[in-house]
>>> print(open('work-v9.pdb').read())   # PDB, N, CA and C atoms and all ligand atoms
ATOM      1  N   MET X  87      -0.537  -8.901  19.423  1.00  0.00           N
ATOM      2  CA  MET X  87      -1.546  -9.160  18.395  1.00  0.00           C
ATOM      3  C   MET X  87      -2.380  -7.912  18.131  1.00  0.00           C
ATOM      4  N   ALA X  88      -2.708  -7.744  16.925  1.00  0.00           N
ATOM      5  CA  ALA X  88      -3.582  -6.634  16.575  1.00  0.00           C
ATOM      6  C   ALA X  88      -4.990  -6.979  17.015  1.00  0.00           C
ATOM      7  N   ARG X  89      -5.671  -6.008  17.564  1.00  0.00           N
ATOM      8  CA  ARG X  89      -7.069  -6.282  17.870  1.00  0.00           C
ATOM      9  C   ARG X  89      -7.928  -5.290  17.110  1.00  0.00           C
ATOM     10  N   PHE X  90      -8.983  -5.807  16.597  1.00  0.00           N
ATOM     11  CA  PHE X  90      -9.885  -4.937  15.853  1.00  0.00           C
ATOM     12  C   PHE X  90     -11.278  -5.529  15.868  1.00  0.00           C
ATOM     13  N   ARG X  91     -12.231  -4.661  15.847  1.00  0.00           N
ATOM     14  CA  ARG X  91     -13.609  -5.102  15.812  1.00  0.00           C
ATOM     15  C   ARG X  91     -14.090  -5.072  14.381  1.00  0.00           C
ATOM     16  N   LYS X  92     -14.943  -6.014  14.080  1.00  0.00           N
ATOM     17  CA  LYS X  92     -15.494  -5.994  12.734  1.00  0.00           C
ATOM     18  C   LYS X  92     -16.635  -4.995  12.684  1.00  0.00           C
ATOM     19  N   ARG X  93     -16.438  -3.971  11.928  1.00  0.00           N
ATOM     20  CA  ARG X  93     -17.545  -3.053  11.700  1.00  0.00           C
ATOM     21  C   ARG X  93     -17.385  -2.452  10.327  1.00  0.00           C
ATOM     22  N   LYS X  94     -18.467  -1.914   9.861  1.00  0.00           N
ATOM     23  CA  LYS X  94     -18.435  -1.401   8.502  1.00  0.00           C
ATOM     24  C   LYS X  94     -17.556  -0.167   8.391  1.00  0.00           C
ATOM     25  N   LYS X  95     -16.975  -0.009   7.235  1.00  0.00           N
ATOM     26  CA  LYS X  95     -16.162   1.163   6.931  1.00  0.00           C
ATOM     27  C   LYS X  95     -14.955   1.289   7.836  1.00  0.00           C
ATOM     28  N   GLN X  96     -14.494   0.184   8.351  1.00  0.00           N
ATOM     29  CA  GLN X  96     -13.308   0.252   9.184  1.00  0.00           C
ATOM     30  C   GLN X  96     -12.087   0.570   8.334  1.00  0.00           C
ATOM     31  N   LYS X  97     -11.271   1.432   8.872  1.00  0.00           N
ATOM     32  CA  LYS X  97     -10.040   1.781   8.174  1.00  0.00           C
ATOM     33  C   LYS X  97      -8.871   1.096   8.851  1.00  0.00           C
ATOM     34  N   ALA X  98      -7.951   0.639   8.053  1.00  0.00           N
ATOM     35  CA  ALA X  98      -6.727   0.057   8.584  1.00  0.00           C
ATOM     36  C   ALA X  98      -5.561   0.957   8.194  1.00  0.00           C
ATOM     37  N   PRO X  99      -4.649   1.185   9.135  1.00  0.00           N
ATOM     38  CA  PRO X  99      -3.475   1.973   8.788  1.00  0.00           C
ATOM     39  C   PRO X  99      -2.544   1.164   7.897  1.00  0.00           C
ATOM     40  N   ALA X 100      -1.892   1.841   6.975  1.00  0.00           N
ATOM     41  CA  ALA X 100      -0.970   1.164   6.072  1.00  0.00           C
ATOM     42  C   ALA X 100       0.272   2.024   5.866  1.00  0.00           C
ATOM     43  N   THR X 101       1.349   1.356   5.540  1.00  0.00           N
ATOM     44  CA  THR X 101       2.585   2.062   5.202  1.00  0.00           C
ATOM     45  C   THR X 101       2.754   2.047   3.694  1.00  0.00           C
ATOM     46  N   VAL X 102       3.050   3.215   3.140  1.00  0.00           N
ATOM     47  CA  VAL X 102       3.333   3.303   1.709  1.00  0.00           C
ATOM     48  C   VAL X 102       4.837   3.520   1.549  1.00  0.00           C
ATOM     49  N   LEU X 103       5.440   2.594   0.824  1.00  0.00           N
ATOM     50  CA  LEU X 103       6.882   2.670   0.595  1.00  0.00           C
ATOM     51  C   LEU X 103       7.151   3.186  -0.821  1.00  0.00           C
ATOM     52  N   PHE X 104       7.865   4.296  -0.873  1.00  0.00           N
ATOM     53  CA  PHE X 104       8.245   4.866  -2.167  1.00  0.00           C
ATOM     54  C   PHE X 104       9.640   4.359  -2.528  1.00  0.00           C
ATOM     55  N   THR X 105       9.726   3.657  -3.654  1.00  0.00           N
ATOM     56  CA  THR X 105      11.007   3.098  -4.045  1.00  0.00           C
ATOM     57  C   THR X 105      11.056   2.957  -5.557  1.00  0.00           C
ATOM     58  N   SER X 106      11.997   2.167  -6.034  1.00  0.00           N
ATOM     59  CA  SER X 106      12.035   1.900  -7.476  1.00  0.00           C
ATOM     60  C   SER X 106      12.415   0.448  -7.711  1.00  0.00           C
ATOM     61  N   GLU X 107      11.936  -0.082  -8.821  1.00  0.00           N
ATOM     62  CA  GLU X 107      12.185  -1.473  -9.185  1.00  0.00           C
ATOM     63  C   GLU X 107      12.458  -1.518 -10.669  1.00  0.00           C
ATOM     64  N   LYS X 108      13.005  -2.637 -11.109  1.00  0.00           N
ATOM     65  CA  LYS X 108      13.176  -2.801 -12.544  1.00  0.00           C
ATOM     66  C   LYS X 108      11.852  -3.243 -13.166  1.00  0.00           C
ATOM     67  N   ASN X 109      11.497  -2.606 -14.239  1.00  0.00           N
ATOM     68  CA  ASN X 109      10.261  -2.995 -14.919  1.00  0.00           C
ATOM     69  C   ASN X 109      10.534  -4.130 -15.904  1.00  0.00           C
ATOM     70  N   ASP X 110       9.523  -4.481 -16.657  1.00  0.00           N
ATOM     71  CA  ASP X 110       9.646  -5.611 -17.588  1.00  0.00           C
ATOM     72  C   ASP X 110      10.752  -5.412 -18.606  1.00  0.00           C
ATOM     73  N   GLU X 111      11.059  -4.162 -18.900  1.00  0.00           N
ATOM     74  CA  GLU X 111      12.132  -3.887 -19.864  1.00  0.00           C
ATOM     75  C   GLU X 111      13.496  -3.787 -19.192  1.00  0.00           C
ATOM     76  N   GLY X 112      13.533  -4.017 -17.904  1.00  0.00           N
ATOM     77  CA  GLY X 112      14.799  -3.969 -17.185  1.00  0.00           C
ATOM     78  C   GLY X 112      15.248  -2.572 -16.818  1.00  0.00           C
ATOM     79  N   GLU X 113      14.351  -1.604 -16.936  1.00  0.00           N
ATOM     80  CA  GLU X 113      14.695  -0.229 -16.561  1.00  0.00           C
ATOM     81  C   GLU X 113      14.172   0.072 -15.170  1.00  0.00           C
ATOM     82  N   ARG X 114      14.956   0.869 -14.446  1.00  0.00           N
ATOM     83  CA  ARG X 114      14.507   1.278 -13.110  1.00  0.00           C
ATOM     84  C   ARG X 114      13.351   2.243 -13.230  1.00  0.00           C
ATOM     85  N   GLN X 115      12.327   1.983 -12.448  1.00  0.00           N
ATOM     86  CA  GLN X 115      11.153   2.826 -12.523  1.00  0.00           C
ATOM     87  C   GLN X 115      10.612   3.061 -11.121  1.00  0.00           C
ATOM     88  N   SER X 116      10.148   4.278 -10.891  1.00  0.00           N
ATOM     89  CA  SER X 116       9.572   4.591  -9.589  1.00  0.00           C
ATOM     90  C   SER X 116       8.337   3.736  -9.348  1.00  0.00           C
ATOM     91  N   CYS X 117       8.196   3.279  -8.118  1.00  0.00           N
ATOM     92  CA  CYS X 117       7.013   2.491  -7.794  1.00  0.00           C
ATOM     93  C   CYS X 117       6.716   2.596  -6.306  1.00  0.00           C
ATOM     94  N   VAL X 118       5.561   2.141  -5.928  1.00  0.00           N
ATOM     95  CA  VAL X 118       5.187   2.126  -4.512  1.00  0.00           C
ATOM     96  C   VAL X 118       4.765   0.720  -4.088  1.00  0.00           C
ATOM     97  N   PHE X 119       4.985   0.441  -2.814  1.00  0.00           N
ATOM     98  CA  PHE X 119       4.461  -0.757  -2.172  1.00  0.00           C
ATOM     99  C   PHE X 119       3.569  -0.284  -1.037  1.00  0.00           C
ATOM    100  N   ALA X 120       2.540  -1.036  -0.731  1.00  0.00           N
ATOM    101  CA  ALA X 120       1.685  -0.695   0.405  1.00  0.00           C
ATOM    102  C   ALA X 120       1.598  -1.890   1.328  1.00  0.00           C
ATOM    103  N   GLN X 121       1.727  -1.623   2.634  1.00  0.00           N
ATOM    104  CA  GLN X 121       1.657  -2.711   3.608  1.00  0.00           C
ATOM    105  C   GLN X 121       0.663  -2.388   4.709  1.00  0.00           C
ATOM    106  N   CYS X 122      -0.203  -3.348   4.993  1.00  0.00           N
ATOM    107  CA  CYS X 122      -1.204  -3.195   6.040  1.00  0.00           C
ATOM    108  C   CYS X 122      -0.556  -3.379   7.414  1.00  0.00           C
ATOM    109  N   HIS X 123      -0.903  -2.507   8.363  1.00  0.00           N
ATOM    110  CA  HIS X 123      -0.334  -2.614   9.709  1.00  0.00           C
ATOM    111  C   HIS X 123      -0.961  -3.751  10.495  1.00  0.00           C
ATOM    112  N   LEU X 124      -2.158  -4.149  10.137  1.00  0.00           N
ATOM    113  CA  LEU X 124      -2.845  -5.188  10.904  1.00  0.00           C
ATOM    114  C   LEU X 124      -2.377  -6.582  10.510  1.00  0.00           C
ATOM    115  N   SER X 125      -2.302  -6.835   9.222  1.00  0.00           N
ATOM    116  CA  SER X 125      -1.970  -8.189   8.773  1.00  0.00           C
ATOM    117  C   SER X 125      -0.535  -8.302   8.274  1.00  0.00           C
ATOM    118  N   GLU X 126       0.108  -7.138   8.067  1.00  0.00           N
ATOM    119  CA  GLU X 126       1.461  -7.071   7.507  1.00  0.00           C
ATOM    120  C   GLU X 126       1.513  -7.584   6.074  1.00  0.00           C
ATOM    121  N   PHE X 127       0.362  -7.731   5.466  1.00  0.00           N
ATOM    122  CA  PHE X 127       0.299  -8.107   4.063  1.00  0.00           C
ATOM    123  C   PHE X 127       0.715  -6.908   3.214  1.00  0.00           C
ATOM    124  N   SER X 128       1.477  -7.164   2.164  1.00  0.00           N
ATOM    125  CA  SER X 128       1.874  -6.036   1.320  1.00  0.00           C
ATOM    126  C   SER X 128       1.663  -6.323  -0.154  1.00  0.00           C
ATOM    127  N   VAL X 129       1.451  -5.260  -0.900  1.00  0.00           N
ATOM    128  CA  VAL X 129       1.265  -5.356  -2.349  1.00  0.00           C
ATOM    129  C   VAL X 129       2.238  -4.411  -3.047  1.00  0.00           C
ATOM    130  N   GLY X 130       2.529  -4.736  -4.288  1.00  0.00           N
ATOM    131  CA  GLY X 130       3.412  -3.894  -5.081  1.00  0.00           C
ATOM    132  C   GLY X 130       4.294  -4.751  -5.953  1.00  0.00           C
ATOM    133  N   PRO X 131       5.062  -4.214  -6.846  1.00  0.00           N
ATOM    134  CA  PRO X 131       5.121  -2.763  -7.080  1.00  0.00           C
ATOM    135  C   PRO X 131       3.944  -2.236  -7.899  1.00  0.00           C
ATOM    136  N   ILE X 132       3.519  -1.043  -7.537  1.00  0.00           N
ATOM    137  CA  ILE X 132       2.561  -0.284  -8.343  1.00  0.00           C
ATOM    138  C   ILE X 132       3.377   0.871  -8.934  1.00  0.00           C
ATOM    139  N   TRP X 133       3.426   0.967 -10.227  1.00  0.00           N
ATOM    140  CA  TRP X 133       4.326   1.935 -10.857  1.00  0.00           C
ATOM    141  C   TRP X 133       3.893   3.367 -10.638  1.00  0.00           C
ATOM    142  N   GLY X 134       4.888   4.213 -10.427  1.00  0.00           N
ATOM    143  CA  GLY X 134       4.643   5.645 -10.250  1.00  0.00           C
ATOM    144  C   GLY X 134       4.678   6.037  -8.779  1.00  0.00           C
ATOM    145  N   HIS X 135       4.934   7.329  -8.527  1.00  0.00           N
ATOM    146  CA  HIS X 135       4.948   7.847  -7.159  1.00  0.00           C
ATOM    147  C   HIS X 135       3.825   8.850  -6.935  1.00  0.00           C
ATOM    148  N   GLY X 136       2.990   9.029  -7.906  1.00  0.00           N
ATOM    149  CA  GLY X 136       1.938  10.048  -7.804  1.00  0.00           C
ATOM    150  C   GLY X 136       0.799   9.614  -6.897  1.00  0.00           C
ATOM    151  N   ASP X 137      -0.116  10.530  -6.649  1.00  0.00           N
ATOM    152  CA  ASP X 137      -1.269  10.234  -5.804  1.00  0.00           C
ATOM    153  C   ASP X 137      -2.093   9.079  -6.368  1.00  0.00           C
ATOM    154  N   ALA X 138      -2.172   9.008  -7.699  1.00  0.00           N
ATOM    155  CA  ALA X 138      -2.956   7.940  -8.330  1.00  0.00           C
ATOM    156  C   ALA X 138      -2.349   6.576  -8.006  1.00  0.00           C
ATOM    157  N   SER X 139      -1.019   6.520  -7.987  1.00  0.00           N
ATOM    158  CA  SER X 139      -0.340   5.259  -7.687  1.00  0.00           C
ATOM    159  C   SER X 139      -0.569   4.854  -6.241  1.00  0.00           C
ATOM    160  N   VAL X 140      -0.501   5.839  -5.351  1.00  0.00           N
ATOM    161  CA  VAL X 140      -0.726   5.567  -3.935  1.00  0.00           C
ATOM    162  C   VAL X 140      -2.146   5.062  -3.726  1.00  0.00           C
ATOM    163  N   LYS X 141      -3.094   5.723  -4.372  1.00  0.00           N
ATOM    164  CA  LYS X 141      -4.496   5.329  -4.277  1.00  0.00           C
ATOM    165  C   LYS X 141      -4.686   3.899  -4.772  1.00  0.00           C
ATOM    166  N   ARG X 142      -4.041   3.602  -5.900  1.00  0.00           N
ATOM    167  CA  ARG X 142      -4.191   2.280  -6.481  1.00  0.00           C
ATOM    168  C   ARG X 142      -3.562   1.222  -5.592  1.00  0.00           C
ATOM    169  N   ALA X 143      -2.412   1.557  -5.002  1.00  0.00           N
ATOM    170  CA  ALA X 143      -1.748   0.615  -4.105  1.00  0.00           C
ATOM    171  C   ALA X 143      -2.652   0.294  -2.913  1.00  0.00           C
ATOM    172  N   LEU X 144      -3.275   1.330  -2.347  1.00  0.00           N
ATOM    173  CA  LEU X 144      -4.135   1.135  -1.184  1.00  0.00           C
ATOM    174  C   LEU X 144      -5.404   0.370  -1.569  1.00  0.00           C
ATOM    175  N   ALA X 145      -5.921   0.637  -2.760  1.00  0.00           N
ATOM    176  CA  ALA X 145      -7.110  -0.074  -3.235  1.00  0.00           C
ATOM    177  C   ALA X 145      -6.785  -1.547  -3.473  1.00  0.00           C
ATOM    178  N   THR X 146      -5.612  -1.803  -4.054  1.00  0.00           N
ATOM    179  CA  THR X 146      -5.181  -3.183  -4.291  1.00  0.00           C
ATOM    180  C   THR X 146      -4.981  -3.904  -2.965  1.00  0.00           C
ATOM    181  N   LEU X 147      -4.427  -3.188  -2.001  1.00  0.00           N
ATOM    182  CA  LEU X 147      -4.206  -3.768  -0.677  1.00  0.00           C
ATOM    183  C   LEU X 147      -5.548  -4.166  -0.052  1.00  0.00           C
ATOM    184  N   THR X 148      -6.516  -3.283  -0.139  1.00  0.00           N
ATOM    185  CA  THR X 148      -7.839  -3.569   0.416  1.00  0.00           C
ATOM    186  C   THR X 148      -8.447  -4.813  -0.237  1.00  0.00           C
ATOM    187  N   GLU X 149      -8.215  -4.953  -1.528  1.00  0.00           N
ATOM    188  CA  GLU X 149      -8.747  -6.079  -2.271  1.00  0.00           C
ATOM    189  C   GLU X 149      -8.134  -7.403  -1.802  1.00  0.00           C
ATOM    190  N   LYS X 150      -6.843  -7.383  -1.532  1.00  0.00           N
ATOM    191  CA  LYS X 150      -6.122  -8.626  -1.273  1.00  0.00           C
ATOM    192  C   LYS X 150      -5.834  -8.916   0.188  1.00  0.00           C
ATOM    193  N   CYS X 151      -5.909  -7.892   1.011  1.00  0.00           N
ATOM    194  CA  CYS X 151      -5.554  -8.041   2.423  1.00  0.00           C
ATOM    195  C   CYS X 151      -6.585  -8.885   3.164  1.00  0.00           C
ATOM    196  N   ASP X 152      -6.118  -9.664   4.135  1.00  0.00           N
ATOM    197  CA  ASP X 152      -6.998 -10.532   4.911  1.00  0.00           C
ATOM    198  C   ASP X 152      -7.713  -9.824   6.054  1.00  0.00           C
ATOM    199  N   CYS X 153      -7.249  -8.662   6.428  1.00  0.00           N
ATOM    200  CA  CYS X 153      -7.864  -7.964   7.561  1.00  0.00           C
ATOM    201  C   CYS X 153      -9.265  -7.483   7.174  1.00  0.00           C
ATOM    202  N   PRO X 154     -10.113  -7.226   8.188  1.00  0.00           N
ATOM    203  CA  PRO X 154     -11.518  -6.896   7.887  1.00  0.00           C
ATOM    204  C   PRO X 154     -11.751  -5.452   7.436  1.00  0.00           C
ATOM    205  N   ALA X 155     -10.716  -4.672   7.342  1.00  0.00           N
ATOM    206  CA  ALA X 155     -10.899  -3.270   6.970  1.00  0.00           C
ATOM    207  C   ALA X 155     -11.450  -3.145   5.556  1.00  0.00           C
ATOM    208  N   GLN X 156     -12.257  -2.132   5.369  1.00  0.00           N
ATOM    209  CA  GLN X 156     -12.805  -1.899   4.037  1.00  0.00           C
ATOM    210  C   GLN X 156     -12.039  -0.787   3.339  1.00  0.00           C
ATOM    211  N   PHE X 157     -11.053  -0.279   4.008  1.00  0.00           N
ATOM    212  CA  PHE X 157     -10.282   0.818   3.452  1.00  0.00           C
ATOM    213  C   PHE X 157      -8.927   0.843   4.128  1.00  0.00           C
ATOM    214  N   HIS X 158      -7.886   1.087   3.353  1.00  0.00           N
ATOM    215  CA  HIS X 158      -6.554   1.226   3.936  1.00  0.00           C
ATOM    216  C   HIS X 158      -6.099   2.662   3.807  1.00  0.00           C
ATOM    217  N   GLN X 159      -5.607   3.169   4.912  1.00  0.00           N
ATOM    218  CA  GLN X 159      -5.259   4.565   5.007  1.00  0.00           C
ATOM    219  C   GLN X 159      -3.748   4.742   4.918  1.00  0.00           C
ATOM    220  N   ASN X 160      -3.345   5.719   4.175  1.00  0.00           N
ATOM    221  CA  ASN X 160      -1.925   6.050   4.043  1.00  0.00           C
ATOM    222  C   ASN X 160      -1.460   6.738   5.320  1.00  0.00           C
ATOM    223  N   LYS X 161      -1.034   5.896   6.268  1.00  0.00           N
ATOM    224  CA  LYS X 161      -0.747   6.394   7.611  1.00  0.00           C
ATOM    225  C   LYS X 161       0.727   6.765   7.765  1.00  0.00           C
ATOM    226  N   GLU X 162       1.550   6.092   7.009  1.00  0.00           N
ATOM    227  CA  GLU X 162       2.976   6.224   7.193  1.00  0.00           C
ATOM    228  C   GLU X 162       3.655   6.119   5.829  1.00  0.00           C
ATOM    229  N   GLN X 163       4.630   6.948   5.602  1.00  0.00           N
ATOM    230  CA  GLN X 163       5.378   6.842   4.346  1.00  0.00           C
ATOM    231  C   GLN X 163       6.828   6.496   4.641  1.00  0.00           C
ATOM    232  N   GLN X 164       7.383   5.690   3.757  1.00  0.00           N
ATOM    233  CA  GLN X 164       8.797   5.351   3.851  1.00  0.00           C
ATOM    234  C   GLN X 164       9.441   5.524   2.492  1.00  0.00           C
ATOM    235  N   GLY X 165      10.734   5.750   2.507  1.00  0.00           N
ATOM    236  CA  GLY X 165      11.444   5.892   1.253  1.00  0.00           C
ATOM    237  C   GLY X 165      11.385   7.312   0.732  1.00  0.00           C
ATOM    238  N   LYS X 166      11.952   7.496  -0.425  1.00  0.00           N
ATOM    239  CA  LYS X 166      12.043   8.828  -0.999  1.00  0.00           C
ATOM    240  C   LYS X 166      11.036   8.972  -2.121  1.00  0.00           C
ATOM    241  N   ARG X 167      10.171   9.942  -1.947  1.00  0.00           N
ATOM    242  CA  ARG X 167       9.150  10.148  -2.968  1.00  0.00           C
ATOM    243  C   ARG X 167       9.677  11.049  -4.072  1.00  0.00           C
ATOM    244  N   LEU X 168       9.674  10.524  -5.292  1.00  0.00           N
ATOM    245  CA  LEU X 168      10.204  11.297  -6.415  1.00  0.00           C
ATOM    246  C   LEU X 168       9.092  11.909  -7.254  1.00  0.00           C
ATOM    247  N   ALA X 169       7.869  11.441  -7.016  1.00  0.00           N
ATOM    248  CA  ALA X 169       6.685  11.901  -7.757  1.00  0.00           C
ATOM    249  C   ALA X 169       6.939  11.947  -9.255  1.00  0.00           C
TER     250      ALA X 169
HETATM  251 ZN    ZN H   1      -5.379  -4.780   5.883  1.00  0.00          ZN
END
>>> encode(input="work-v9.pdb", output="structure tokens")
Amino acid sequence: MARFRKRKKQKAPATVLFTSEKNDEGERQSCVFAQCHLSEFSVGPIWGHGDASVKRALATLTEKCDCPAQFHQNKEQQGKRLA
């Protein structure tokens, strides 16, 4: 089990997965998924492989994740980043 103390500004490690998915038009498009290490909750796809996409994925994760962290950190990357 993950153990964590509730305190302000706690950071949770997260994995950012660089991959691609079909978009609404059925075209393959680069995207990222982000997964929290504490709750294993994941969000995505967030389109794009750029820093902005990674930031948005982590922000979305923080919004939706059940863990008490107020920030998710890009601790681990998986997949091939095409930027
Ligand atoms: Zn979390």
>>> residues_near_ligand(input="work-v9.pdb", ligand="ligand ZN 1 (chain H)", cutoff="10 Å", atoms="only C-alpha atoms and all ligand atoms", output="list in words")
Gln96, Lys97, Ala98, Pro99, Ala100, Ala120, Gln121, Cys122, His123, Leu124, Ser125, Glu126, Phe127, Ser128, Leu144, Leu147, Thr148, Glu149, Lys150, Cys151, Asp152, Cys153, Pro154, Ala155, Gln156, Phe157, His158 and Gln159 of chain X
>>> select_by_dssp(input="work-v9.pdb", residues="chain X", states="helix (DSSP H, G or I)", output="NGL selection string")
:X and (137-150)
>>> atom_distance(input="work-v9.pdb", atom1="atom C of Ala143 (chain X)", atom2="CA of Lys166 (chain X)")
17.1 Å
>>> resolve_selection(input="work-v9.pdb", expression="the PyMOL selection byres (((chain X and resi 167 and name CA) around 9) and not hetatm and name CA)", output="VMD selection string")
chain X and resid 103 to 105 116 135 to 136 163 to 166 168 to 169
>>> atom_distance(input="work-v9.pdb", atom1="CA of Pro131 (chain X)", atom2="CA of Glu107 (chain X)")
7.5 Å
>>> atom_distance(input="work-v9.pdb", atom1="CA of Glu162 (chain X)", atom2="CA of Asp110 (chain X)")
28.3 Å
>>> axis_aligned_box(input="work-v9.pdb", around="region 149-153 of chain X", padding_each_side="8 Å", output="JSON")
{"center_x": -7.4, "center_y": -7.7, "center_z": 2.6, "size_x": 19.7, "size_y": 21.6, "size_z": 25.8}
>>> closest_residue(input="work-v9.pdb", among="X:Arg114, X:Lys161, X:Phe119, X:Val129", to="Thr146 (chain X)", atoms="only C-alpha atoms")
X:Val129
>>> select_by_dssp(input="work-v9.pdb", residues="chain X", states="strand (DSSP E or B)", output="VMD selection string")
chain X and resid 97 to 108 114 to 122 128 to 133 157 to 165
